[in-house]
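For reference, structure-v8.cif (mmCIF, C-alpha atoms (C1' of nucleotides)):
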```cif
data_run
#
loop_
_atom_site.label_atom_id
_atom_site.label_comp_id
_atom_site.auth_asym_id
_atom_site.auth_seq_id
_atom_site.Cartn_x
_atom_site.Cartn_y
_atom_site.Cartn_z
CA MET A 21 -55.64 30.87 -37.49
CA SER A 22 -54.04 31.97 -40.68
CA PRO A 23 -52.92 29.27 -43.07
CA ALA A 24 -51.76 30.53 -46.40
CA GLY A 25 -50.86 28.78 -49.59
CA THR A 26 -48.85 31.82 -50.32
CA THR A 27 -46.26 31.25 -52.96
CA GLU A 28 -46.67 27.58 -53.81
CA ALA A 29 -47.35 27.27 -57.51
CA THR A 30 -51.11 26.91 -57.71
CA PRO A 31 -53.03 27.50 -60.91
CA ASP A 32 -55.36 30.07 -59.35
CA LEU A 33 -53.40 32.81 -57.74
CA PRO A 34 -56.21 35.36 -57.46
CA ARG A 35 -58.36 33.00 -55.43
CA MET A 36 -55.51 32.13 -53.10
CA ALA A 37 -54.77 35.81 -52.64
CA ALA A 38 -58.40 36.35 -51.74
CA TRP A 39 -58.17 33.52 -49.23
CA GLN A 40 -55.15 35.04 -47.57
CA ARG A 41 -56.68 38.48 -47.23
CA PHE A 42 -59.95 36.96 -46.11
CA LEU A 43 -58.16 35.46 -43.13
CA ARG A 44 -56.24 38.59 -42.25
CA ALA A 45 -59.28 40.82 -42.62
CA HIS A 46 -61.35 38.59 -40.38
CA ALA A 47 -58.68 38.46 -37.72
CA ARG A 48 -58.05 42.19 -37.68
CA VAL A 49 -61.65 43.32 -37.80
CA THR A 50 -62.99 40.99 -35.13
CA GLU A 51 -59.99 41.73 -32.93
CA LEU A 52 -60.69 45.45 -33.24
CA LEU A 53 -64.42 45.17 -32.68
CA GLU A 54 -63.82 43.04 -29.63
CA ARG A 55 -61.43 45.63 -28.25
CA GLU A 56 -63.75 48.57 -28.90
CA LEU A 57 -66.80 46.94 -27.39
CA ALA A 58 -64.84 45.84 -24.35
CA ALA A 59 -63.36 49.31 -23.88
CA GLU A 60 -66.57 51.30 -24.32
CA GLN A 61 -69.09 48.91 -22.84
CA GLY A 62 -67.13 46.30 -20.90
CA LEU A 63 -68.91 43.67 -22.94
CA PRO A 64 -67.26 40.72 -24.69
CA LEU A 65 -68.33 40.19 -28.29
CA GLY A 66 -69.65 36.73 -27.49
CA TRP A 67 -71.98 38.18 -24.86
CA TYR A 68 -73.24 40.78 -27.28
CA ASP A 69 -73.92 38.09 -29.84
CA VAL A 70 -75.99 36.09 -27.38
CA LEU A 71 -77.99 39.18 -26.44
CA VAL A 72 -78.69 39.91 -30.12
CA GLN A 73 -79.80 36.38 -30.87
CA LEU A 74 -82.07 36.28 -27.84
CA SER A 75 -83.56 39.63 -28.71
CA ASN A 76 -84.17 38.63 -32.32
CA ALA A 77 -85.87 35.46 -31.14
CA GLY A 78 -88.27 37.40 -28.95
CA GLY A 79 -86.50 36.93 -25.64
CA ARG A 80 -86.15 33.17 -25.24
CA LEU A 81 -84.25 30.47 -27.07
CA ARG A 82 -83.31 26.90 -26.34
CA MET A 83 -79.68 26.10 -25.68
CA HIS A 84 -79.25 23.99 -28.76
CA ASP A 85 -80.63 26.61 -31.13
CA LEU A 86 -78.73 29.38 -29.45
CA ALA A 87 -75.49 27.43 -29.73
CA ARG A 88 -75.94 27.05 -33.47
CA ALA A 89 -76.85 30.70 -33.93
CA VAL A 90 -73.84 31.80 -31.99
CA LEU A 91 -71.19 29.57 -33.55
CA LEU A 92 -70.25 27.94 -30.29
CA SER A 93 -70.22 24.37 -29.04
CA ARG A 94 -72.95 23.39 -26.62
CA ALA A 95 -70.37 23.00 -23.88
CA GLY A 96 -69.02 26.46 -24.55
CA LEU A 97 -72.50 27.94 -24.52
CA THR A 98 -73.31 26.32 -21.19
CA ARG A 99 -70.41 28.15 -19.60
CA LEU A 100 -71.16 31.40 -21.41
CA VAL A 101 -74.77 31.37 -20.22
CA ASP A 102 -73.51 30.58 -16.71
CA ARG A 103 -71.46 33.75 -16.75
CA MET A 104 -74.19 35.89 -18.26
CA ALA A 105 -76.73 34.56 -15.77
CA ALA A 106 -74.35 35.35 -12.92
CA ALA A 107 -74.13 38.87 -14.32
CA GLY A 108 -77.91 39.10 -14.46
CA LEU A 109 -78.14 39.49 -18.24
CA ALA A 110 -79.68 36.11 -18.95
CA GLY A 111 -81.73 33.52 -17.14
CA ARG A 112 -82.77 29.91 -17.48
CA GLU A 113 -86.24 28.44 -17.58
CA PRO A 114 -87.16 24.78 -17.77
CA CYS A 115 -88.93 23.72 -20.93
CA ALA A 116 -92.37 22.32 -20.23
CA ASP A 117 -93.07 20.18 -23.29
CA ASP A 118 -89.55 18.72 -23.43
CA ARG A 119 -88.33 18.35 -19.91
CA ARG A 120 -84.68 17.87 -20.79
CA GLY A 121 -84.58 21.20 -22.59
CA THR A 122 -83.72 24.60 -21.15
CA PHE A 123 -84.74 28.02 -22.32
CA VAL A 124 -82.31 30.86 -22.07
CA THR A 125 -84.14 34.12 -21.43
CA LEU A 126 -83.20 37.71 -21.96
CA THR A 127 -83.61 39.61 -18.70
CA PRO A 128 -84.56 43.30 -18.56
CA ALA A 129 -80.98 44.05 -17.57
CA GLY A 130 -79.85 42.13 -20.63
CA GLN A 131 -82.16 44.15 -22.86
CA GLU A 132 -80.85 47.36 -21.41
CA ARG A 133 -77.27 46.25 -21.89
CA LEU A 134 -77.98 45.35 -25.49
CA ARG A 135 -79.66 48.67 -26.11
CA ALA A 136 -76.56 50.44 -24.85
CA ALA A 137 -74.06 48.28 -26.70
CA ALA A 138 -75.74 47.97 -30.08
CA PRO A 139 -74.88 51.44 -31.38
CA VAL A 140 -71.23 50.97 -30.44
CA HIS A 141 -70.96 47.65 -32.17
CA LEU A 142 -72.90 48.72 -35.26
CA ARG A 143 -70.77 51.80 -35.57
CA GLY A 144 -67.68 49.56 -35.43
CA VAL A 145 -68.95 47.22 -38.12
CA GLN A 146 -69.84 50.21 -40.25
CA GLU A 147 -66.51 51.90 -39.70
CA HIS A 148 -64.21 48.91 -40.10
CA PHE A 149 -66.09 46.73 -42.55
CA ALA A 150 -69.22 48.01 -44.28
CA ARG A 151 -67.75 51.40 -45.09
CA HIS A 152 -65.30 49.81 -47.50
CA ILE A 153 -67.86 47.87 -49.49
CA SER A 154 -70.16 49.11 -52.23
CA PRO A 155 -73.71 47.77 -52.28
CA GLY A 156 -72.89 45.77 -55.39
CA GLU A 157 -69.84 44.24 -53.79
CA ALA A 158 -71.90 43.44 -50.72
CA HIS A 159 -74.37 41.46 -52.79
CA GLU A 160 -71.62 39.65 -54.60
CA MET A 161 -69.86 38.73 -51.38
CA SER A 162 -73.09 37.57 -49.82
CA ALA A 163 -73.65 35.31 -52.79
CA VAL A 164 -70.15 33.89 -52.58
CA PHE A 165 -70.37 33.21 -48.86
CA ASP A 166 -73.77 31.64 -49.33
CA ARG A 167 -72.35 29.19 -51.86
CA ILE A 168 -69.49 28.37 -49.51
CA LEU A 169 -71.80 27.85 -46.55
CA ALA A 170 -74.30 25.84 -48.52
CA ALA A 171 -71.58 23.47 -49.69
CA ILE A 172 -70.28 22.93 -46.18
CA GLU A 173 -73.58 22.67 -44.37
CA SER A 174 -75.02 20.27 -46.93
CA ARG A 175 -72.48 17.57 -46.06
CA HIS A 176 -75.01 16.73 -43.34
CA MET B 28 -67.13 35.01 -32.50
CA SER B 29 -70.21 35.90 -34.43
CA PRO B 30 -71.73 39.27 -33.70
CA ALA B 31 -74.53 40.21 -35.99
CA GLY B 32 -76.46 43.37 -36.49
CA THR B 33 -79.13 41.17 -37.78
CA THR B 34 -82.48 42.82 -37.88
CA GLU B 35 -81.84 46.20 -36.29
CA ALA B 36 -82.93 48.88 -38.70
CA THR B 37 -79.73 49.98 -40.38
CA PRO B 38 -79.75 51.85 -43.65
CA ASP B 39 -77.46 49.33 -45.39
CA LEU B 40 -78.91 45.90 -45.18
CA PRO B 41 -76.84 44.31 -47.93
CA ARG B 42 -73.58 45.20 -46.21
CA MET B 43 -74.77 43.89 -42.88
CA ALA B 44 -75.87 40.68 -44.55
CA ALA B 45 -72.41 40.37 -46.06
CA TRP B 46 -70.89 40.88 -42.63
CA GLN B 47 -73.01 38.16 -41.12
CA ARG B 48 -72.17 35.62 -43.79
CA PHE B 49 -68.55 36.65 -43.70
CA LEU B 50 -68.39 35.59 -40.08
CA ARG B 51 -70.21 32.30 -40.57
CA ALA B 52 -68.17 31.41 -43.62
CA HIS B 53 -64.91 32.07 -41.84
CA ALA B 54 -65.93 30.00 -38.84
CA ARG B 55 -67.14 27.04 -40.86
CA VAL B 56 -64.29 26.93 -43.35
CA THR B 57 -61.44 27.26 -40.88
CA GLU B 58 -63.12 24.76 -38.56
CA LEU B 59 -63.34 22.28 -41.42
CA LEU B 60 -59.79 22.84 -42.67
CA GLU B 61 -58.48 22.42 -39.16
CA ARG B 62 -60.34 19.15 -38.82
CA GLU B 63 -59.18 17.77 -42.15
CA LEU B 64 -55.54 18.64 -41.65
CA ALA B 65 -55.58 17.20 -38.15
CA ALA B 66 -57.24 14.00 -39.34
CA GLU B 67 -55.04 13.38 -42.38
CA GLN B 68 -51.74 14.75 -41.16
CA GLY B 69 -51.99 15.13 -37.41
CA LEU B 70 -50.99 18.75 -37.85
CA PRO B 71 -52.73 21.76 -36.28
CA LEU B 72 -53.45 24.60 -38.67
CA GLY B 73 -51.30 26.98 -36.64
CA TRP B 74 -48.30 24.71 -37.04
CA TYR B 75 -48.84 24.49 -40.76
CA ASP B 76 -49.01 28.24 -40.99
CA VAL B 77 -45.70 28.62 -39.19
CA LEU B 78 -44.07 26.10 -41.50
CA VAL B 79 -45.38 27.96 -44.56
CA GLN B 80 -44.17 31.32 -43.33
CA LEU B 81 -40.74 29.97 -42.47
CA SER B 82 -40.47 28.28 -45.84
CA ASN B 83 -41.51 31.40 -47.72
CA ALA B 84 -38.94 33.40 -45.79
CA GLY B 85 -36.16 31.05 -46.82
CA GLY B 86 -36.00 28.98 -43.64
CA ARG B 87 -35.46 31.55 -40.87
CA LEU B 88 -37.52 34.35 -39.38
CA ARG B 89 -37.35 36.42 -36.24
CA MET B 90 -39.99 35.89 -33.60
CA HIS B 91 -41.51 39.30 -33.98
CA ASP B 92 -41.90 39.06 -37.76
CA LEU B 93 -43.18 35.52 -37.55
CA ALA B 94 -45.76 36.53 -34.97
CA ARG B 95 -47.10 39.24 -37.25
CA ALA B 96 -47.17 36.93 -40.26
CA VAL B 97 -49.01 34.28 -38.32
CA LEU B 98 -51.65 36.46 -36.63
CA LEU B 99 -50.60 35.50 -33.14
CA SER B 100 -49.42 37.42 -30.10
CA ARG B 101 -45.73 37.18 -29.30
CA ALA B 102 -46.54 35.28 -26.15
CA GLY B 103 -48.63 32.83 -28.09
CA LEU B 104 -45.88 32.34 -30.64
CA THR B 105 -43.30 31.66 -27.95
CA ARG B 106 -45.35 28.71 -26.76
CA LEU B 107 -46.15 27.54 -30.27
CA VAL B 108 -42.47 27.52 -31.22
CA ASP B 109 -41.72 25.69 -27.98
CA ARG B 110 -44.05 22.90 -29.02
CA MET B 111 -42.81 22.77 -32.59
CA ALA B 112 -39.19 22.71 -31.43
CA ALA B 113 -40.00 19.88 -29.03
CA ALA B 114 -41.47 18.04 -32.02
CA GLY B 115 -38.34 18.70 -34.05
CA LEU B 116 -40.04 20.80 -36.71
CA ALA B 117 -38.47 24.12 -35.77
CA GLY B 118 -35.37 25.38 -33.98
CA ARG B 119 -34.03 28.55 -32.42
CA GLU B 120 -30.85 30.45 -33.20
CA PRO B 121 -29.56 33.54 -31.46
CA CYS B 122 -29.42 36.68 -33.58
CA ALA B 123 -25.89 38.06 -33.91
CA ASP B 124 -26.48 41.72 -34.78
CA ASP B 125 -29.32 42.19 -32.30
CA ARG B 126 -28.57 40.14 -29.26
CA ARG B 127 -32.07 40.26 -27.81
CA GLY B 128 -33.55 38.75 -30.97
CA THR B 129 -34.10 35.07 -31.78
CA PHE B 130 -34.35 33.37 -35.13
CA VAL B 131 -36.80 30.57 -35.61
CA THR B 132 -35.50 28.06 -38.13
CA LEU B 133 -37.17 25.46 -40.29
CA THR B 134 -35.58 22.07 -39.67
CA PRO B 135 -35.35 19.38 -42.36
CA ALA B 136 -38.06 17.47 -40.52
CA GLY B 137 -40.18 20.62 -40.66
CA GLN B 138 -39.63 20.94 -44.40
CA GLU B 139 -40.63 17.35 -44.91
CA ARG B 140 -43.73 17.75 -42.81
CA LEU B 141 -44.71 20.84 -44.78
CA ARG B 142 -44.14 19.02 -48.07
CA ALA B 143 -46.52 16.29 -46.93
CA ALA B 144 -49.18 18.58 -45.52
CA ALA B 145 -49.31 21.25 -48.21
CA PRO B 146 -51.29 19.25 -50.78
CA VAL B 147 -53.89 18.33 -48.19
CA HIS B 148 -54.37 21.88 -47.03
CA LEU B 149 -54.37 23.37 -50.52
CA ARG B 150 -56.91 20.83 -51.65
CA GLY B 151 -59.07 21.84 -48.70
CA VAL B 152 -58.86 25.53 -49.49
CA GLN B 153 -59.65 24.79 -53.11
CA GLU B 154 -62.56 22.54 -52.23
CA HIS B 155 -64.18 24.62 -49.53
CA PHE B 156 -63.35 28.16 -50.55
CA ALA B 157 -61.70 28.86 -53.91
CA ARG B 158 -63.97 26.54 -55.84
CA HIS B 159 -66.95 28.78 -55.17
CA ILE B 160 -65.33 31.99 -56.39
CA SER B 161 -64.89 33.19 -59.95
CA PRO B 162 -61.61 34.90 -60.81
CA GLY B 163 -63.43 38.20 -61.11
CA GLU B 164 -65.01 37.79 -57.70
CA ALA B 165 -61.63 36.87 -56.29
CA HIS B 166 -60.13 40.11 -57.50
CA GLU B 167 -63.02 42.09 -56.17
CA MET B 168 -62.83 40.45 -52.78
CA SER B 169 -59.09 40.95 -52.62
CA ALA B 170 -59.60 44.63 -53.31
CA VAL B 171 -62.26 44.93 -50.64
CA PHE B 172 -60.19 43.15 -48.02
CA ASP B 173 -57.18 45.26 -48.93
CA ARG B 174 -59.15 48.42 -48.27
CA ILE B 175 -60.35 47.05 -44.96
CA LEU B 176 -56.87 46.00 -43.90
CA ALA B 177 -55.26 49.23 -45.05
CA ALA B 178 -57.72 51.25 -42.99
CA ILE B 179 -57.08 49.20 -39.87
CA GLU B 180 -53.34 48.88 -40.16
CA SER B 181 -52.87 52.57 -40.92
CA ARG B 182 -54.21 53.59 -37.50
CA HIS B 183 -50.55 53.24 -36.52
"C1'" DA C 17 -20.85 60.15 -22.00
"C1'" DC C 18 -25.16 59.30 -19.47
"C1'" DG C 19 -29.93 58.29 -18.54
"C1'" DC C 20 -34.53 57.25 -20.37
"C1'" DA C 21 -37.59 55.31 -23.49
"C1'" DA C 22 -38.60 51.72 -26.68
"C1'" DT C 23 -38.18 46.94 -28.35
"C1'" DC C 24 -37.49 41.75 -28.18
"C1'" DG C 25 -38.63 37.52 -26.27
"C1'" DT C 26 -40.07 34.89 -22.26
"C1'" DT C 27 -42.93 33.75 -18.16
"C1'" DG C 28 -47.04 33.68 -14.54
"C1'" DC C 29 -51.60 33.86 -14.62
"C1'" DG C 30 -56.47 33.54 -15.62
"C1'" DC C 31 -59.82 32.70 -18.95
"C1'" DG C 32 -62.60 30.64 -22.61
"C1'" DT C 33 -62.92 26.72 -25.58
"C1'" DG C 34 -63.69 21.91 -27.51
"C1'" DC C 35 -63.76 16.96 -26.67
"C1'" DA C 36 -65.45 13.07 -24.49
"C1'" DA C 37 -68.03 11.13 -20.92
"C1'" DC C 38 -72.13 11.36 -18.47
"C1'" DC C 39 -77.15 11.61 -16.91
"C1'" DA C 40 -81.93 12.61 -17.69
"C1'" DG C 41 -85.62 12.67 -20.69
"C1'" DA C 42 -87.83 11.42 -25.16
"C1'" DA C 43 -88.67 8.64 -29.29
"C1'" DT C 44 -88.83 4.32 -31.68
"C1'" DA C 45 -89.56 -0.77 -31.95
"C1'" DA C 46 -90.93 -5.15 -30.50
"C1'" DT D 1 -95.15 -2.71 -21.35
"C1'" DT D 2 -89.70 -3.11 -21.83
"C1'" DA D 3 -85.46 -2.53 -24.37
"C1'" DT D 4 -82.82 0.24 -27.45
"C1'" DT D 5 -81.46 4.27 -29.42
"C1'" DC D 6 -81.25 9.27 -29.85
"C1'" DT D 7 -81.13 13.93 -28.28
"C1'" DG D 8 -80.46 18.00 -24.92
"C1'" DG D 9 -77.64 19.96 -21.55
"C1'" DT D 10 -73.98 19.78 -18.09
"C1'" DT D 11 -69.34 18.50 -16.19
"C1'" DG D 12 -64.05 16.99 -15.94
"C1'" DC D 13 -60.21 17.80 -18.26
"C1'" DA D 14 -56.52 19.60 -20.94
"C1'" DC D 15 -55.10 22.86 -24.08
"C1'" DG D 16 -54.04 27.25 -26.41
"C1'" DC D 17 -54.46 32.04 -26.10
"C1'" DG D 18 -53.86 37.09 -24.62
"C1'" DC D 19 -52.56 40.31 -21.03
"C1'" DA D 20 -49.43 42.25 -18.03
"C1'" DA D 21 -45.01 42.16 -15.96
"C1'" DC D 22 -40.22 41.18 -16.27
"C1'" DG D 23 -35.05 41.06 -17.65
"C1'" DA D 24 -32.10 41.98 -21.36
"C1'" DT D 25 -30.59 44.78 -25.06
"C1'" DT D 26 -30.81 48.62 -28.17
"C1'" DG D 27 -31.59 53.35 -29.64
"C1'" DC D 28 -32.60 58.19 -28.72
"C1'" DG D 29 -31.99 62.65 -26.50
"C1'" DT D 30 -29.16 65.93 -24.39
#
```
Would it be possible to restate this file's structure as structure tokens?
Amino acid sequence: MSPAGTTEATPDLPRMAAWQRFLRAHARVTELLERELAAEQGLPLGWYDVLVQLSNAGGRLRMHDLARAVLLSRAGLTRLVDRMAAAGLAGREPCADDRRGTFVTLTPAGQERLRAAAPVHLRGVQEHFARHISPGEAHEMSAVFDRILAAIESRH
Amino acid sequence: MSPAGTTEATPDLPRMAAWQRFLRAHARVTELLERELAAEQGLPLGWYDVLVQLSNAGGRLRMHDLARAVLLSRAGLTRLVDRMAAAGLAGREPCADDRRGTFVTLTPAGQERLRAAAPVHLRGVQEHFARHISPGEAHEMSAVFDRILAAIESRH
DNA sequence: ACGCAATCGTTGCGCGTGCAACCAGAATAA
DNA sequence: TTATTCTGGTTGCACGCGCAACGATTGCGT
């Protein structure tokens, strides 16, 4: 996606310029990171993200929570976990106290794969994103994005 | 996509936090804008973007240039233009001086559709993005994104 | 001039996604 | 209890995308 209120006469040009570059930067960086991780580790970015979230959660997470953490619809996550389970990187366990729930688990193979992929990905983020930002700018951007997210997520 | 070097011990936490929020903010905002434009105008964001780019270019643009402007592969753009042409919003013209090229043109119906959709989209960007950014922050973010984009696009 | 590489746009193909419908289990109310 | 509603996860379906391969045209090298 890349909508752009480019030249239409709006009162706030600087903000619209920021919006435009925001979109381009996101597209280019994620595209590049995806490519690098796939080339060096044969791992899609979405898979890596699932592995990270599972690892951070201690090895198991319910589908619903994982879907929210991973910015994916529940349907999409179902299929993604199918693939990762088929590859041996994740597993499913029934949830005892809520019998309609399912836990997704991080298998040893998944841990190993994450361990191998993390440095590659982190290097990419450093090289293509973080490197260009001063600590002060990082704080400022975090604050801005927090305001944006808060406004959106509070419309229940 | 939403990779995240969340808790791994990296020396620069603030930058990684910015990265994480950057991804979430992009996902949420574009998702919302897409939804709003579809609901109020029955127009996908990608279509709107094409209309804007054509309009800014004076009504005609070659496939290759349009694809770059619109952050889409050439194959993807071929199909998108197919759909928009079928809907009467865009047309194709052969290119005289380079006979393998094709111009995409903005039809009157396309102009009208853009005229109707622009206020909705711009309001959305204002409401969900620009509103939360001070002019100073906007400049700073533009500068940051420019550095990021320059670094990526200069790897020929 | 010729041949070879590069570029433009299109097409076949497979893949990943969201939406809506669905079923099973849980929570609330009477 | 039973009826109603809500939530969690999976499935059918259609759609939009990128990749790789292709035909057509252009430009470069010699």
**Request:** Identify which of the residues C:DC24, C:DC31, C:DA37, C:DC18 lies closest to D:DG16, counting only C-alpha atoms (C1' of nucleotides) when measuring atom-to-atom distances.
**Result:** C:DC31
**Asked** Any idea which chain A residues end up within 10 Å of chain C if we count only C-alpha atoms (C1' of nucleotides), as a PyMOL selection string please?
**Response** chain A and resi 92-97+99-100+118-121
Chain A in the frame of chain B after Cα least-squares fit, as a compact mmCIF listing (two decimals) with C-alpha atoms, in the coordinates of the input:
```txt
# COMPACT_ATOMS: atom_id res chain seq x y z
CA MET A 21 -67.08 35.08 -32.53
CA SER A 22 -70.17 35.94 -34.44
CA PRO A 23 -71.80 39.26 -33.69
CA ALA A 24 -74.61 40.16 -36.00
CA GLY A 25 -76.60 43.31 -36.45
CA THR A 26 -79.22 41.08 -37.85
CA THR A 27 -82.61 42.67 -37.90
CA GLU A 28 -82.00 46.06 -36.32
CA ALA A 29 -83.13 48.73 -38.74
CA THR A 30 -79.93 49.84 -40.42
CA PRO A 31 -79.91 51.75 -43.68
CA ASP A 32 -77.62 49.27 -45.42
CA LEU A 33 -79.03 45.82 -45.22
CA PRO A 34 -76.93 44.24 -47.97
CA ARG A 35 -73.69 45.17 -46.26
CA MET A 36 -74.87 43.84 -42.92
CA ALA A 37 -75.95 40.62 -44.59
CA ALA A 38 -72.49 40.34 -46.09
CA TRP A 39 -70.98 40.87 -42.66
CA GLN A 40 -73.06 38.11 -41.15
CA ARG A 41 -72.19 35.58 -43.82
CA PHE A 42 -68.57 36.66 -43.73
CA LEU A 43 -68.42 35.60 -40.09
CA ARG A 44 -70.21 32.31 -40.60
CA ALA A 45 -68.17 31.42 -43.67
CA HIS A 46 -64.92 32.11 -41.86
CA ALA A 47 -65.93 30.05 -38.87
CA ARG A 48 -67.11 27.07 -40.89
CA VAL A 49 -64.28 26.97 -43.38
CA THR A 50 -61.43 27.33 -40.90
CA GLU A 51 -63.09 24.83 -38.58
CA LEU A 52 -63.30 22.33 -41.43
CA LEU A 53 -59.78 22.90 -42.68
CA GLU A 54 -58.46 22.50 -39.17
CA ARG A 55 -60.31 19.22 -38.81
CA GLU A 56 -59.15 17.84 -42.15
CA LEU A 57 -55.52 18.71 -41.64
CA ALA A 58 -55.56 17.27 -38.14
CA ALA A 59 -57.22 14.07 -39.33
CA GLU A 60 -55.03 13.44 -42.37
CA GLN A 61 -51.73 14.81 -41.15
CA GLY A 62 -52.02 15.21 -37.38
CA LEU A 63 -50.99 18.81 -37.84
CA PRO A 64 -52.72 21.83 -36.29
CA LEU A 65 -53.43 24.68 -38.69
CA GLY A 66 -51.29 27.05 -36.65
CA TRP A 67 -48.29 24.75 -37.04
CA TYR A 68 -48.83 24.53 -40.76
CA ASP A 69 -48.99 28.29 -40.98
CA VAL A 70 -45.67 28.67 -39.19
CA LEU A 71 -44.05 26.12 -41.49
CA VAL A 72 -45.34 27.99 -44.56
CA GLN A 73 -44.12 31.35 -43.33
CA LEU A 74 -40.70 29.96 -42.47
CA SER A 75 -40.43 28.24 -45.82
CA ASN A 76 -41.45 31.37 -47.71
CA ALA A 77 -38.86 33.36 -45.80
CA GLY A 78 -36.09 30.98 -46.80
CA GLY A 79 -35.95 28.93 -43.62
CA ARG A 80 -35.39 31.47 -40.85
CA LEU A 81 -37.42 34.30 -39.39
CA ARG A 82 -37.24 36.37 -36.25
CA MET A 83 -39.91 35.88 -33.62
CA HIS A 84 -41.37 39.32 -34.00
CA ASP A 85 -41.78 39.07 -37.76
CA LEU A 86 -43.11 35.57 -37.56
CA ALA A 87 -45.68 36.61 -34.98
CA ARG A 88 -47.01 39.31 -37.27
CA ALA A 89 -47.10 37.00 -40.27
CA VAL A 90 -48.96 34.39 -38.33
CA LEU A 91 -51.59 36.55 -36.65
CA LEU A 92 -50.55 35.58 -33.16
CA SER A 93 -49.34 37.50 -30.14
CA ARG A 94 -45.66 37.25 -29.32
CA ALA A 95 -46.50 35.35 -26.16
CA GLY A 96 -48.60 32.89 -28.10
CA LEU A 97 -45.86 32.41 -30.66
CA THR A 98 -43.28 31.71 -27.97
CA ARG A 99 -45.34 28.78 -26.75
CA LEU A 100 -46.14 27.59 -30.27
CA VAL A 101 -42.46 27.55 -31.22
CA ASP A 102 -41.73 25.72 -27.96
CA ARG A 103 -44.07 22.96 -29.00
CA MET A 104 -42.83 22.79 -32.57
CA ALA A 105 -39.22 22.73 -31.40
CA ALA A 106 -40.04 19.90 -29.00
CA ALA A 107 -41.53 18.06 -31.97
CA GLY A 108 -38.39 18.69 -33.99
CA LEU A 109 -40.06 20.80 -36.68
CA ALA A 110 -38.48 24.09 -35.73
CA GLY A 111 -35.39 25.32 -33.96
CA ARG A 112 -34.01 28.46 -32.40
CA GLU A 113 -30.81 30.30 -33.18
CA PRO A 114 -29.46 33.37 -31.44
CA CYS A 115 -29.25 36.48 -33.57
CA ALA A 116 -25.71 37.75 -33.89
CA ASP A 117 -26.19 41.42 -34.77
CA ASP A 118 -29.02 41.94 -32.28
CA ARG A 119 -28.33 39.80 -29.29
CA ARG A 120 -31.80 40.02 -27.81
CA GLY A 121 -33.34 38.60 -30.96
CA THR A 122 -34.00 34.96 -31.79
CA PHE A 123 -34.29 33.29 -35.14
CA VAL A 124 -36.77 30.52 -35.62
CA THR A 125 -35.47 27.99 -38.13
CA LEU A 126 -37.17 25.42 -40.26
CA THR A 127 -35.60 22.03 -39.63
CA PRO A 128 -35.37 19.32 -42.31
CA ALA A 129 -38.11 17.46 -40.47
CA GLY A 130 -40.21 20.61 -40.63
CA GLN A 131 -39.64 20.90 -44.37
CA GLU A 132 -40.65 17.32 -44.86
CA ARG A 133 -43.76 17.78 -42.77
CA LEU A 134 -44.71 20.84 -44.77
CA ARG A 135 -44.15 19.03 -48.03
CA ALA A 136 -46.53 16.31 -46.89
CA ALA A 137 -49.18 18.63 -45.49
CA ALA A 138 -49.30 21.29 -48.19
CA PRO A 139 -51.28 19.31 -50.76
CA VAL A 140 -53.88 18.39 -48.15
CA HIS A 141 -54.35 21.94 -47.02
CA LEU A 142 -54.35 23.42 -50.52
CA ARG A 143 -56.88 20.87 -51.63
CA GLY A 144 -59.07 21.90 -48.68
CA VAL A 145 -58.85 25.59 -49.48
CA GLN A 146 -59.63 24.82 -53.09
CA GLU A 147 -62.53 22.57 -52.23
CA HIS A 148 -64.17 24.65 -49.51
CA PHE A 149 -63.33 28.19 -50.55
CA ALA A 150 -61.70 28.89 -53.91
CA ARG A 151 -63.95 26.54 -55.84
CA HIS A 152 -66.93 28.79 -55.17
CA ILE A 153 -65.33 31.98 -56.40
CA SER A 154 -64.88 33.19 -59.96
CA PRO A 155 -61.61 34.91 -60.84
CA GLY A 156 -63.45 38.21 -61.12
CA GLU A 157 -65.03 37.79 -57.72
CA ALA A 158 -61.65 36.88 -56.30
CA HIS A 159 -60.16 40.14 -57.51
CA GLU A 160 -63.07 42.12 -56.19
CA MET A 161 -62.88 40.47 -52.79
CA SER A 162 -59.15 40.99 -52.63
CA ALA A 163 -59.69 44.66 -53.31
CA VAL A 164 -62.34 44.95 -50.63
CA PHE A 165 -60.26 43.19 -48.01
CA ASP A 166 -57.28 45.31 -48.93
CA ARG A 167 -59.27 48.48 -48.29
CA ILE A 168 -60.46 47.10 -44.96
CA LEU A 169 -56.97 46.08 -43.90
CA ALA A 170 -55.40 49.31 -45.04
CA ALA A 171 -57.88 51.32 -42.99
CA ILE A 172 -57.22 49.29 -39.87
CA GLU A 173 -53.47 48.99 -40.15
CA SER A 174 -53.03 52.68 -40.91
CA ARG A 175 -54.31 53.70 -37.47
CA HIS A 176 -50.69 53.12 -36.46
```
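This file, queried with the PyMOL selection byres ((chain D) within 10 of (chain A)), gives the residues D:DT7, D:DG8, D:DG9, D:DT10, D:DT11.
Applied to this file, the PyMOL selection byres ((chain A and resi 127) around 7) selects the residues Leu109, Ala110, Gly111, Thr125, Leu126, Pro128, Ala129, Gly130 and Gln131 of chain A.
Distance annotation: of A:Glu147, A:Asp69, A:Glu60, A:Glu54, the residue with the minimal separation from chain B is A:Asp69; atom set is all atoms listed in the file.
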**Prompt:** When you draw a straight line from atom CA of A:Ala105 to atom CA of A:Phe123, how long is it in Å?
**Reply:** 12.2 Å
**Asked** In Å, how far is it from atom CA of B:Val131 to atom CA of B:Asp109?
**Response** 10.3 Å
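In this comparison, which uses all atoms listed in the file, the residue of A:Gly62, A:Gly108, A:Gly156, A:Pro114 approaching chain B most closely is A:Gly156.
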**For A:His46: contacts at 12 Å, only C-alpha atoms (C1' of nucleotides), fewer than 2 positions along chain excluded, given as a ChimeraX atom specification** = /A:21-22,38-44,48-54,145,148-149 /B:28-29,46-54,57,98,172-173,175-176,179
